[in-house]
file target.cif (mmCIF, C-alpha atoms)
data_structure
loop_
_atom_site.label_atom_id
_atom_site.label_comp_id
_atom_site.auth_asym_id
_atom_site.auth_seq_id
_atom_site.Cartn_x
_atom_site.Cartn_y
_atom_site.Cartn_z
CA MET A 46 6.73 -10.21 -11.65
CA ASP A 47 4.94 -12.56 -9.29
CA ASP A 48 3.42 -11.96 -5.90
CA GLU A 49 6.61 -12.81 -4.06
CA VAL A 50 8.53 -10.12 -5.87
CA TYR A 51 5.66 -7.76 -5.22
CA SER A 52 5.74 -8.53 -1.51
CA PHE A 53 9.50 -8.30 -1.50
CA ALA A 54 9.35 -4.81 -2.99
CA LEU A 55 6.78 -3.69 -0.44
CA LYS A 56 8.63 -5.31 2.45
CA ASN A 57 11.77 -3.43 1.47
CA THR A 58 9.79 -0.24 1.25
CA LEU A 59 8.45 -0.76 4.77
CA ASN A 60 11.96 -1.47 6.07
CA GLU A 61 13.34 1.62 4.38
CA ILE A 62 10.53 3.74 5.78
CA GLN A 63 11.53 2.60 9.24
CA ASN A 64 15.12 3.51 8.54
CA ILE A 65 14.24 7.06 7.67
CA CYS A 66 11.53 7.26 10.27
CA PRO A 67 12.68 5.34 13.38
CA ASP A 68 9.56 6.37 15.29
CA ILE A 69 7.71 3.75 13.25
CA LYS A 70 8.09 0.63 15.34
CA ASN A 71 6.18 -1.81 13.17
CA SER A 72 4.46 -1.74 9.85
CA PHE A 73 2.71 -4.21 7.63
CA MET A 74 0.16 -4.39 4.85
CA PHE A 75 -2.77 -6.69 4.39
CA LYS A 76 -5.92 -7.17 2.40
CA GLU A 77 -9.37 -6.98 3.87
CA GLU A 78 -9.92 -10.67 3.15
CA GLY A 79 -7.10 -11.48 5.51
CA GLU A 80 -4.09 -11.92 3.27
CA ILE A 81 -0.76 -10.56 4.45
CA VAL A 82 0.82 -8.63 1.62
CA ALA A 83 4.05 -7.50 3.29
CA ALA A 84 5.47 -6.92 6.73
CA ASP A 85 8.64 -5.26 7.92
CA GLU A 86 11.38 -7.48 9.26
CA LYS A 87 10.76 -6.52 12.90
CA THR A 88 7.17 -7.71 12.99
CA PRO A 89 6.70 -11.46 13.39
CA GLU A 90 4.19 -12.99 11.05
CA LYS A 91 2.36 -14.48 14.02
CA VAL A 92 1.74 -11.02 15.43
CA VAL A 93 0.54 -9.78 12.06
CA ALA A 94 -1.88 -12.69 11.79
CA HIS A 95 -3.14 -12.14 15.33
CA VAL A 96 -3.70 -8.44 14.74
CA MET A 97 -5.43 -9.02 11.43
CA ASP A 98 -7.70 -11.53 13.08
CA SER A 99 -8.67 -8.91 15.63
CA PHE A 100 -9.99 -6.68 12.84
CA ASP A 101 -12.44 -9.32 11.63
CA GLY A 102 -15.34 -8.01 13.69
CA ILE A 103 -14.78 -4.46 12.48
CA PHE A 104 -14.55 -5.45 8.83
CA GLU A 105 -17.57 -7.71 9.11
CA LYS A 106 -19.75 -4.82 10.20
CA ALA A 107 -17.95 -2.17 8.17
CA ASP A 108 -20.83 -1.93 5.73
CA ALA A 109 -22.83 -0.20 8.43
CA ILE A 110 -20.44 2.75 8.27
CA GLY A 111 -19.82 2.59 4.53
CA GLY A 112 -16.64 0.50 4.73
CA VAL A 113 -13.49 1.15 6.70
CA GLU A 114 -11.19 3.91 5.49
CA GLY A 115 -8.94 3.96 8.49
CA ILE A 116 -8.53 3.13 12.15
CA THR A 117 -6.53 5.03 14.73
CA LEU A 118 -5.74 3.73 18.16
CA GLU A 119 -4.22 6.09 20.67
CA GLY A 120 -2.44 4.39 23.55
CA SER A 121 -0.51 5.81 26.47
CA LYS A 122 2.75 4.52 25.00
CA GLY A 123 2.09 4.74 21.29
CA ARG A 124 -0.32 4.81 18.45
CA VAL A 125 -1.50 2.48 15.70
CA THR A 126 -2.75 3.84 12.42
CA ILE A 127 -4.45 1.70 9.82
CA SER A 128 -4.99 3.43 6.54
CA CYS A 129 -6.61 2.20 3.38
CA MET A 130 -4.56 2.46 0.20
CA ASN A 131 -6.21 1.14 -2.94
CA ASP A 132 -7.39 -2.27 -1.84
CA LEU A 133 -4.77 -2.61 0.86
CA TYR A 134 -4.52 -1.63 4.48
CA LEU A 135 -1.28 -0.24 5.84
CA VAL A 136 -0.72 -0.63 9.56
CA THR A 137 1.87 1.54 11.24
CA VAL A 138 2.77 1.45 14.90
CA THR A 139 4.47 4.56 16.16
CA SER A 140 5.95 5.62 19.46
CA ARG A 141 4.20 8.17 21.64
CA LYS A 142 6.58 10.95 20.75
CA ALA A 143 6.51 10.35 17.01
CA ASP A 144 6.08 13.32 14.74
CA LEU A 145 2.84 12.27 13.13
CA ASN A 146 3.04 14.80 10.34
CA TYR A 147 6.38 13.41 9.31
CA VAL A 148 5.24 9.80 9.66
CA ASN A 149 2.11 10.47 7.64
CA THR A 150 3.98 12.39 4.99
CA VAL A 151 6.43 9.55 4.56
CA THR A 152 3.92 6.71 4.57
CA GLN A 153 1.15 8.45 2.65
CA VAL A 154 3.52 9.48 -0.09
CA LEU A 155 5.97 6.62 -0.36
CA ILE A 156 3.65 3.65 -0.17
CA PRO A 157 1.15 4.88 -2.77
CA THR A 158 4.06 5.82 -5.04
CA ILE A 159 5.52 2.33 -4.75
CA LEU A 160 2.10 0.79 -5.28
CA ARG A 161 1.57 2.87 -8.41
CA LEU A 162 5.01 1.96 -9.63
CA LEU A 163 4.43 -1.74 -9.08
CA GLU A 164 1.05 -1.42 -10.71
CA LYS A 165 2.68 0.09 -13.77
CA ILE A 166 5.37 -2.52 -13.95
CA HIS A 167 2.89 -5.32 -13.63
CA PRO A 168 -0.77 -4.56 -13.19
CA SER A 169 -2.12 -7.88 -11.98
CA PRO A 170 -0.92 -9.22 -8.61
CA LEU A 171 -2.39 -7.05 -5.91
CA LYS A 172 -5.63 -6.23 -7.62
CA ASN A 173 -6.47 -9.65 -8.86
CA LYS A 174 -5.15 -11.97 -6.23
CA THR A 175 -7.67 -12.88 -3.62
CA PRO A 176 -7.86 -15.90 -1.33
CA SER A 177 -10.34 -17.29 -3.79
CA LEU A 178 -8.48 -19.05 -6.54
CA LYS A 179 -11.01 -18.27 -9.21
CA VAL A 180 -9.47 -14.98 -10.14
CA GLU A 181 -5.97 -16.16 -9.49
CA THR A 182 -6.17 -18.85 -12.07
CA LYS A 183 -7.95 -16.92 -14.76
CA THR A 184 -5.56 -14.02 -14.84
CA PRO A 185 -2.40 -15.97 -15.57
CA VAL A 186 -4.17 -17.85 -18.35
CA ALA A 187 -5.06 -14.61 -20.03
CA GLU A 188 -1.82 -12.81 -19.46
CA GLU A 189 0.96 -15.24 -18.75
CA PRO A 190 1.20 -18.18 -21.00
CA GLU A 191 3.84 -19.81 -18.83
CA GLU A 192 1.25 -20.73 -16.22
CA PRO A 193 -1.57 -22.32 -18.12
CA LEU A 194 -3.08 -23.83 -15.01
CA THR A 195 -6.59 -24.23 -16.25
CA GLU A 196 -5.84 -24.88 -19.86
CA GLU A 197 -3.10 -27.48 -19.58
CA PRO A 198 -4.75 -29.46 -22.26
CA GLU A 199 -5.33 -33.02 -23.08
CA GLU A 200 -1.94 -33.74 -24.58
CA THR A 201 -0.49 -36.73 -22.79
CA LEU A 202 -1.37 -35.81 -19.25
CA GLU A 203 -3.10 -38.77 -17.87
CA THR A 204 -3.06 -39.06 -14.14
CA GLU A 205 0.16 -38.32 -12.45
CA THR A 206 1.01 -34.91 -13.85
CA PRO A 207 1.95 -32.87 -10.82
CA LEU A 208 0.63 -29.37 -10.54
CA PRO A 209 2.95 -26.94 -12.24
CA GLN A 210 2.68 -24.81 -9.14
CA PRO A 211 0.52 -26.24 -6.40
CA PRO A 212 -1.94 -23.59 -5.30
CA VAL A 213 -1.26 -22.39 -1.80
CA ASN A 214 -3.91 -20.62 0.20
CA GLN A 215 -3.44 -18.70 3.41
CA LEU A 216 -6.28 -19.64 5.70
CA ILE A 217 -7.28 -18.65 9.21
CA ILE A 218 -7.63 -21.40 11.77
CA GLU A 219 -11.01 -21.97 13.34
CA ASN A 220 -11.61 -24.63 15.96
CA LEU A 221 -13.29 -27.87 14.97
CA GLY A 222 -14.62 -29.98 17.77
CA GLY A 223 -17.32 -32.47 18.69
CA LEU A 224 -17.72 -36.09 19.59
CA LEU A 225 -17.85 -37.44 16.07
CA VAL A 226 -15.17 -35.23 14.62
CA PRO A 227 -12.16 -37.19 13.34
CA SER A 228 -8.94 -35.78 14.71
CA ASP A 229 -7.04 -36.19 11.44
CA THR A 230 -9.34 -34.21 9.19
CA VAL A 231 -9.53 -30.50 8.54
CA ARG A 232 -12.38 -28.73 6.85
CA ILE A 233 -12.00 -26.15 4.10
CA ASP A 234 -14.41 -24.11 2.03
CA SER A 235 -15.99 -26.33 -0.62
CA GLU A 236 -15.40 -23.63 -3.21
CA THR A 237 -11.67 -23.71 -2.54
CA LEU A 238 -11.67 -27.49 -2.80
CA SER A 239 -13.46 -27.44 -6.12
CA GLN A 240 -11.06 -24.83 -7.44
CA TRP A 241 -8.17 -27.03 -6.42
CA LYS A 242 -9.86 -29.93 -8.15
CA GLU A 243 -10.19 -27.92 -11.33
CA LEU A 244 -6.58 -26.87 -11.16
CA SER A 245 -5.26 -30.32 -10.53
CA GLU A 246 -7.71 -32.00 -12.87
CA SER A 247 -8.25 -34.37 -10.04
CA THR A 248 -11.54 -36.00 -9.19
CA LYS A 249 -11.18 -35.42 -5.49
CA ILE A 250 -8.88 -33.61 -3.10
CA GLU A 251 -8.53 -35.92 -0.15
CA GLN A 252 -5.44 -34.63 1.58
CA VAL A 253 -3.81 -31.30 2.18
CA GLU A 254 -0.51 -30.12 3.52
CA VAL A 255 -0.75 -27.49 6.21
CA GLU A 256 2.27 -25.33 6.92
CA THR A 257 2.65 -22.85 9.74
CA PHE A 258 4.64 -19.67 9.46
CA ASP A 259 7.19 -21.30 11.76
CA GLY A 260 7.79 -23.90 9.11
CA LYS A 261 5.99 -26.82 10.77
CA THR A 262 4.04 -28.93 8.34
CA THR A 263 1.59 -31.76 8.52
CA ARG A 264 -0.50 -33.73 6.11
CA CYS A 265 -4.08 -34.41 6.92
CA LYS A 266 -7.34 -35.42 5.37
CA VAL A 267 -9.66 -32.71 4.16
CA LYS A 268 -13.38 -32.37 3.82
CA PRO A 269 -15.59 -29.43 2.88
CA ILE A 270 -16.89 -27.11 5.57
CA LYS A 271 -20.47 -28.00 6.46
CA ASP A 272 -21.41 -24.95 8.49
CA SER A 273 -22.36 -22.16 6.09
CA LYS A 274 -21.30 -19.46 8.52
CA TYR A 275 -17.66 -20.42 7.92
CA GLU A 276 -17.93 -20.48 4.14
CA GLY A 277 -16.19 -17.94 1.98
CA LYS A 278 -14.19 -16.52 4.86
CA GLY A 279 -10.80 -18.03 4.15
CA ILE A 280 -11.09 -20.36 7.12
CA ILE A 281 -9.67 -23.78 7.83
CA ARG A 282 -11.49 -25.65 10.58
CA MET A 283 -8.95 -27.70 12.46
CA PRO A 284 -9.28 -30.27 15.27
CA GLU A 285 -7.38 -29.55 18.44
CA LYS A 286 -4.96 -32.43 17.89
CA ILE A 287 -3.66 -30.98 14.64
CA GLN A 288 -3.44 -27.53 16.23
CA LEU A 289 -1.35 -29.00 19.03
CA ASP A 290 0.89 -30.85 16.57
CA LEU A 291 1.50 -27.67 14.63
CA GLU A 292 1.65 -25.49 17.75
CA VAL A 293 -0.92 -23.09 16.37
CA ARG A 294 -4.26 -21.93 17.61
CA LYS A 295 -7.50 -20.35 16.49
CA GLY A 296 -7.07 -17.11 14.62
CA GLU A 297 -3.60 -17.82 13.28
CA LEU A 298 -2.80 -18.06 9.62
CA VAL A 299 -1.49 -21.19 7.95
CA ARG A 300 -0.56 -22.04 4.40
CA VAL A 301 -2.58 -24.86 2.92
CA LYS A 302 -2.04 -26.70 -0.32
CA PRO A 303 -3.72 -29.72 -1.83
CA LEU A 304 -1.93 -33.02 -2.13
CA VAL A 305 -2.74 -34.67 -5.40
CA ASP A 306 -1.61 -38.16 -6.34
CA MET S 39 -24.60 -5.15 69.97
CA ALA S 40 -21.17 -5.45 68.51
CA ARG S 41 -22.55 -7.68 65.81
CA LYS S 42 -25.15 -5.14 64.74
CA LYS S 43 -22.58 -2.39 64.49
CA LYS S 44 -20.45 -4.45 62.17
CA THR S 45 -23.37 -5.04 59.85
CA VAL S 46 -24.04 -1.34 59.56
CA GLN S 47 -20.44 -0.64 58.69
CA GLU S 48 -20.49 -3.25 55.97
CA VAL S 49 -23.59 -1.79 54.38
CA ALA S 50 -22.06 1.63 54.39
CA ALA S 51 -18.92 0.29 52.78
CA VAL S 52 -20.89 -1.35 50.01
CA THR S 53 -23.40 1.35 49.26
CA GLU S 54 -21.04 4.27 49.11
CA PRO S 55 -19.11 3.23 45.97
CA LEU S 56 -22.35 2.17 44.33
CA ALA S 57 -23.78 5.58 44.88
CA VAL S 58 -20.65 7.20 43.51
CA GLU S 59 -20.74 4.89 40.54
CA GLU S 60 -24.35 5.70 39.85
CA SER S 61 -23.78 9.41 40.01
CA HIS S 62 -20.78 9.04 37.72
CA MET S 63 -22.91 7.08 35.29
CA ASN S 64 -25.58 9.76 35.39
CA ASN S 65 -22.95 12.38 34.82
CA LEU S 66 -21.65 10.40 31.86
CA ARG S 67 -25.11 10.05 30.39
CA ALA S 68 -25.74 13.75 30.76
CA ASN S 69 -22.52 14.47 28.91
CA LEU S 70 -23.41 12.01 26.20
CA GLU S 71 -26.80 13.64 25.82
CA GLU S 72 -25.00 16.93 25.34
CA ILE S 73 -22.58 15.35 22.87
CA LYS S 74 -25.57 14.04 20.96
CA THR S 75 -26.52 17.62 20.19
CA PHE S 76 -23.10 18.29 18.60
CA ASP S 77 -23.07 18.76 14.84
CA GLY S 78 -23.01 15.46 12.99
CA VAL S 79 -23.31 13.19 16.02
CA ILE S 80 -25.78 10.42 15.30
CA GLY S 81 -25.79 8.54 18.56
CA TYR S 82 -23.87 6.67 21.21
CA ILE S 83 -23.53 3.36 23.00
CA LEU S 84 -22.57 3.35 26.65
CA ARG S 85 -21.80 0.04 28.29
CA ASN S 86 -20.38 -1.18 31.57
CA SER S 87 -20.42 -4.50 33.36
CA THR S 88 -23.95 -4.03 34.69
CA SER S 89 -25.85 -1.91 32.20
CA ALA S 90 -25.94 -0.50 28.72
CA ALA S 91 -27.53 2.52 27.12
CA ILE S 92 -27.96 2.93 23.40
CA ASP S 93 -29.21 6.07 21.76
CA LEU S 94 -29.06 6.10 17.98
CA LYS S 95 -31.02 8.12 15.49
CA ASP S 96 -31.44 5.09 13.25
CA PRO S 97 -32.60 2.15 15.40
CA THR S 98 -32.18 -0.31 12.52
CA LYS S 99 -28.43 0.07 12.93
CA ILE S 100 -28.34 -0.79 16.62
CA ILE S 101 -27.05 -4.34 16.25
CA ASP S 102 -24.45 -3.51 13.62
CA TYR S 103 -23.20 -0.55 15.59
CA ALA S 104 -23.13 -2.51 18.84
CA ILE S 105 -21.03 -5.25 17.24
CA LEU S 106 -18.80 -2.65 15.63
CA SER S 107 -18.30 -0.90 18.94
CA SER S 108 -17.51 -4.10 20.77
CA SER S 109 -15.17 -5.24 17.97
CA ALA S 110 -13.32 -1.92 18.14
CA PHE S 111 -12.69 -2.38 21.85
CA ASP S 112 -11.59 -5.98 21.33
CA ALA S 113 -9.23 -4.98 18.53
CA GLY S 114 -7.89 -2.19 20.71
CA GLU S 115 -7.00 -4.66 23.44
CA VAL S 116 -5.21 -6.94 20.99
CA LEU S 117 -3.28 -4.08 19.41
CA SER S 118 -2.32 -2.64 22.75
CA GLU S 119 -1.11 -6.00 23.99
CA ASP S 120 0.74 -7.05 20.83
CA PHE S 121 2.50 -3.73 20.36
CA ASP S 122 2.84 -2.73 24.01
CA LEU S 123 0.89 0.50 23.63
CA GLY S 124 -0.17 0.85 27.25
CA ASN S 125 -3.64 2.02 28.18
CA VAL S 126 -5.92 2.57 25.23
CA LYS S 127 -7.05 6.19 25.24
CA SER S 128 -9.24 6.09 22.17
CA ILE S 129 -10.03 4.13 19.04
CA ILE S 130 -11.35 5.93 16.01
CA VAL S 131 -12.79 3.91 13.15
CA ASP S 132 -13.19 6.06 10.06
CA GLY S 133 -15.86 4.77 7.73
CA LYS S 134 -16.68 6.21 4.35
CA ASP S 135 -19.96 7.54 5.75
CA VAL S 136 -19.72 7.31 9.52
CA LYS S 137 -16.97 7.69 12.06
CA VAL S 138 -16.92 5.83 15.39
CA VAL S 139 -15.03 7.17 18.37
CA SER S 140 -14.60 4.67 21.20
CA LEU S 141 -13.01 5.15 24.59
CA THR S 142 -13.19 3.86 28.12
CA VAL S 143 -14.04 6.17 30.99
CA SER S 144 -13.86 4.53 34.43
CA ASP S 145 -14.86 1.06 33.25
CA ASN S 146 -17.56 2.50 31.03
CA ARG S 147 -17.12 1.71 27.37
CA ILE S 148 -18.38 4.52 25.20
CA SER S 149 -18.75 4.62 21.44
CA VAL S 150 -19.97 7.78 19.78
CA PHE S 151 -21.14 7.56 16.18
CA MET S 152 -20.96 10.61 13.98
CA ASP S 153 -20.93 11.76 10.38
CA LYS S 154 -17.61 11.51 8.64
CA GLU S 155 -17.11 15.26 8.69
CA ALA S 156 -18.04 15.75 12.35
CA ASN S 157 -15.45 16.99 14.82
CA CYS S 158 -14.38 13.97 16.84
CA GLU S 159 -11.72 15.92 18.75
CA LYS S 160 -14.45 17.96 20.39
CA VAL S 161 -16.18 14.75 21.49
CA LEU S 162 -12.93 13.26 22.79
CA ARG S 163 -12.11 16.40 24.74
CA LYS S 164 -15.53 16.39 26.31
CA LEU S 165 -15.33 12.75 27.33
CA HIS S 166 -11.68 12.77 28.43
CA GLY S 167 -12.46 15.76 30.56
CA LEU S 168 -14.79 13.72 32.72
#
call {"tool": "encode", "arguments": {"input": "target.cif", "output": "structure tokens"}}
result
Amino acid sequence: MDDEVYSFALKNTLNEIQNICPDIKNSFMFKEEGEIVAADEKTPEKVVAHVMDSFDGIFEKADAIGGVEGITLEGSKGRVTISCMNDLYLVTVTSRKADLNYVNTVTQVLIPTILRLLEKIHPSPLKNKTPSLKVETKTPVAEEPEEPLTEEPEETLETETPLPQPPVNQLIIENLGGLLVPSDTVRIDSETLSQWKELSESTKIEQVEVETFDGKTTRCKVKPIKDSKYEGKGIIRMPEKIQLDLEVRKGELVRVKPLVD
Amino acid sequence: MARKKKTVQEVAAVTEPLAVEESHMNNLRANLEEIKTFDGVIGYILRNSTSAAIDLKDPTKIIDYAILSSSAFDAGEVLSEDFDLGNVKSIIVDGKDVKVVSLTVSDNRISVFMDKEANCEKVLRKLHGL
């Protein structure tokens, strides 16, 4: 079972929860590092990305309070509850008149049960997959021989062997500006680039394909992030021109994959 | 003469709300001081557009807590806007060790920090009652 099936199972669970509990208006699940795991069909991915981005500040300073276990926002028209389940956060938006006991009973029982079930069926995806590819690549090598990404050996592969499955990372857009900044180049974590290089057995990753959740794609040059404060945060620094072309802006999530000749 | 009268009226119009604001702020601070004596409460941050007051038992945490407080309010605004939740009444961030209760009272942003087991409802009641 791969991540897509995993997400599909969770997405269905979230949809079913809403069917039995109509007071839940929206629900989605994400990882602390900023990866969307699943969202119900009513919640646009853009909204999910925007909301997740808004939690960055809280998660960054969460160590000061021992890590975040949950967040509750009480509004005049409704309430948002974010609860931690294993390594995932479940966000539920409920109406003002929702029966919270019922909502909590349903979500706090069903979701962990499904997670446990999925974990039993296939233990790897949610625990091991992080935005960093390091773990992602090692696990399949050990457990799933059909994806020998790092050990595709020296048989006859010379140069043009395409990636069996090009790695795709979800990254958060950060602005990239300045007088000397080329408008056709994005910047990505050097660690991610070197992992892509390893995977593709390429000497250099020079171009990437960026895809928005609306399906818009563009190809652009890529260079490593220089500013250390953006490193290791799952960020893609993007010039305004590319943001305009893709109709995205800072804080939104995009899918990025390397283009290898 | 007429000119002088107008000036006096203007001053009165400006100073009156300021005085009310100040007394409200003092009232708020007094309540926060009382809340600080509640079981498990470890401090508070009170901020408005002109001033801020921070009272924490552990001063080394001031910056982290201030950022956390401000991030909670920012996240609250985003959530409220994206999901049409209306006015934000409170935001509670449950940490494994510490709990943060944030709310806005008449343009004053308040975050109260307390031990995980402390009674945040009591704090909310006290502050909402203002």
call {"tool": "closest_atom_pairs", "arguments": {"input": "target.cif", "of": "chain S", "to": "chain A", "cutoff": "7 Å", "atoms": "only C-alpha atoms", "output": "JSON lines"}}
result
{"residue": "S:Asp102", "atom": "CA", "partner": "A:Lys106", "partner_atom": "CA", "distance": 6.0}
{"residue": "S:Leu106", "atom": "CA", "partner": "A:Ile103", "partner_atom": "CA", "distance": 5.4}
{"residue": "S:Ser109", "atom": "CA", "partner": "A:Gly102", "partner_atom": "CA", "distance": 5.1}
{"residue": "S:Ala110", "atom": "CA", "partner": "A:Ile103", "partner_atom": "CA", "distance": 6.4}
{"residue": "S:Ala113", "atom": "CA", "partner": "A:Ser99", "partner_atom": "CA", "distance": 4.9}
{"residue": "S:Gly114", "atom": "CA", "partner": "A:Leu118", "partner_atom": "CA", "distance": 6.8}
{"residue": "S:Val116", "atom": "CA", "partner": "A:Val96", "partner_atom": "CA", "distance": 6.6}
{"residue": "S:Leu117", "atom": "CA", "partner": "A:Val96", "partner_atom": "CA", "distance": 6.4}
{"residue": "S:Asp120", "atom": "CA", "partner": "A:Val92", "partner_atom": "CA", "distance": 6.8}
{"residue": "S:Leu123", "atom": "CA", "partner": "A:Lys122", "partner_atom": "CA", "distance": 4.6}
{"residue": "S:Gly124", "atom": "CA", "partner": "A:Ser121", "partner_atom": "CA", "distance": 5.0}
{"residue": "S:Asn125", "atom": "CA", "partner": "A:Ser121", "partner_atom": "CA", "distance": 5.2}
{"residue": "S:Val126", "atom": "CA", "partner": "A:Gly120", "partner_atom": "CA", "distance": 4.3}
{"residue": "S:Lys127", "atom": "CA", "partner": "A:Gly120", "partner_atom": "CA", "distance": 5.2}
{"residue": "S:Ser128", "atom": "CA", "partner": "A:Glu119", "partner_atom": "CA", "distance": 5.2}
{"residue": "S:Ile129", "atom": "CA", "partner": "A:Leu118", "partner_atom": "CA", "distance": 4.4}
{"residue": "S:Ile130", "atom": "CA", "partner": "A:Thr117", "partner_atom": "CA", "distance": 5.1}
{"residue": "S:Val131", "atom": "CA", "partner": "A:Ile116", "partner_atom": "CA", "distance": 4.4}
{"residue": "S:Asp132", "atom": "CA", "partner": "A:Gly115", "partner_atom": "CA", "distance": 5.0}
{"residue": "S:Gly133", "atom": "CA", "partner": "A:Val113", "partner_atom": "CA", "distance": 4.4}
{"residue": "S:Lys134", "atom": "CA", "partner": "A:Gly111", "partner_atom": "CA", "distance": 4.8}
{"residue": "S:Asp135", "atom": "CA", "partner": "A:Gly111", "partner_atom": "CA", "distance": 5.1}
{"residue": "S:Val136", "atom": "CA", "partner": "A:Ile110", "partner_atom": "CA", "distance": 4.8}
call {"tool": "write_last_selection", "arguments": {"input": "target.cif", "atoms": "C-alpha atoms", "output": "CSV table (one decimal), in the coordinates of the input"}}
result
chain,number,residue,atom,x,y,z
S,102,ASP,CA,-24.4,-3.5,13.6
S,106,LEU,CA,-18.8,-2.6,15.6
S,109,SER,CA,-15.2,-5.2,18.0
S,110,ALA,CA,-13.3,-1.9,18.1
S,113,ALA,CA,-9.2,-5.0,18.5
S,114,GLY,CA,-7.9,-2.2,20.7
S,116,VAL,CA,-5.2,-6.9,21.0
S,117,LEU,CA,-3.3,-4.1,19.4
S,120,ASP,CA,0.7,-7.0,20.8
S,123,LEU,CA,0.9,0.5,23.6
S,124,GLY,CA,-0.2,0.8,27.2
S,125,ASN,CA,-3.6,2.0,28.2
S,126,VAL,CA,-5.9,2.6,25.2
S,127,LYS,CA,-7.0,6.2,25.2
S,128,SER,CA,-9.2,6.1,22.2
S,129,ILE,CA,-10.0,4.1,19.0
S,130,ILE,CA,-11.4,5.9,16.0
S,131,VAL,CA,-12.8,3.9,13.2
S,132,ASP,CA,-13.2,6.1,10.1
S,133,GLY,CA,-15.9,4.8,7.7
S,134,LYS,CA,-16.7,6.2,4.4
S,135,ASP,CA,-20.0,7.5,5.8
S,136,VAL,CA,-19.7,7.3,9.5
call {"tool": "atom_distance", "arguments": {"input": "target.cif", "atom1": "CA of Lys76 (chain A)", "atom2": "CA of Leu160 (chain A)"}}
result
13.7 Å
call {"tool": "closest_residue", "arguments": {"input": "target.cif", "among": "A:Glu90, A:Glu246, A:Glu297, A:Glu219", "to": "Met74 (chain A)", "atoms": "all atoms listed in the file"}}
result
A:Glu90
call {"tool": "residues_around", "arguments": {"input": "target.cif", "residues": "Asn86 (chain S)", "least_positions_apart": "4", "cutoff": "10 Å", "atoms": "only C-alpha atoms", "output": "CSV table (one decimal) with C-alpha atoms, in the coordinates of the input"}}
result
chain,number,residue,atom,x,y,z
S,63,MET,CA,-22.9,7.1,35.3
S,90,ALA,CA,-25.9,-0.5,28.7
S,91,ALA,CA,-27.5,2.5,27.1
S,142,THR,CA,-13.2,3.9,28.1
S,143,VAL,CA,-14.0,6.2,31.0
S,144,SER,CA,-13.9,4.5,34.4
S,145,ASP,CA,-14.9,1.1,33.2
S,146,ASN,CA,-17.6,2.5,31.0
S,147,ARG,CA,-17.1,1.7,27.4
S,148,ILE,CA,-18.4,4.5,25.2
call {"tool": "resolve_selection", "arguments": {"input": "target.cif", "expression": "the PyMOL selection byres ((chain A and resi 278) around 9)", "output": "ChimeraX atom specification"}}
result
/A:78-79,176,216-217,234,274-277,279-280
call {"tool": "atom_distance", "arguments": {"input": "target.cif", "atom1": "CA of Ile62 (chain A)", "atom2": "CA of Asp85 (chain A)"}}
result
9.4 Å
call {"tool": "atom_distance", "arguments": {"input": "target.cif", "atom1": "CA of Ile218 (chain A)", "atom2": "CA of Ala54 (chain A)"}}
result
28.0 Å
call {"tool": "resolve_selection", "arguments": {"input": "target.cif", "expression": "the PyMOL selection byres ((chain A and resi 254) around 12)", "output": "PyMOL selection string"}}
result
chain A and resi 211-215+229-231+250-253+255-257+260-267+281+287+291+299-305
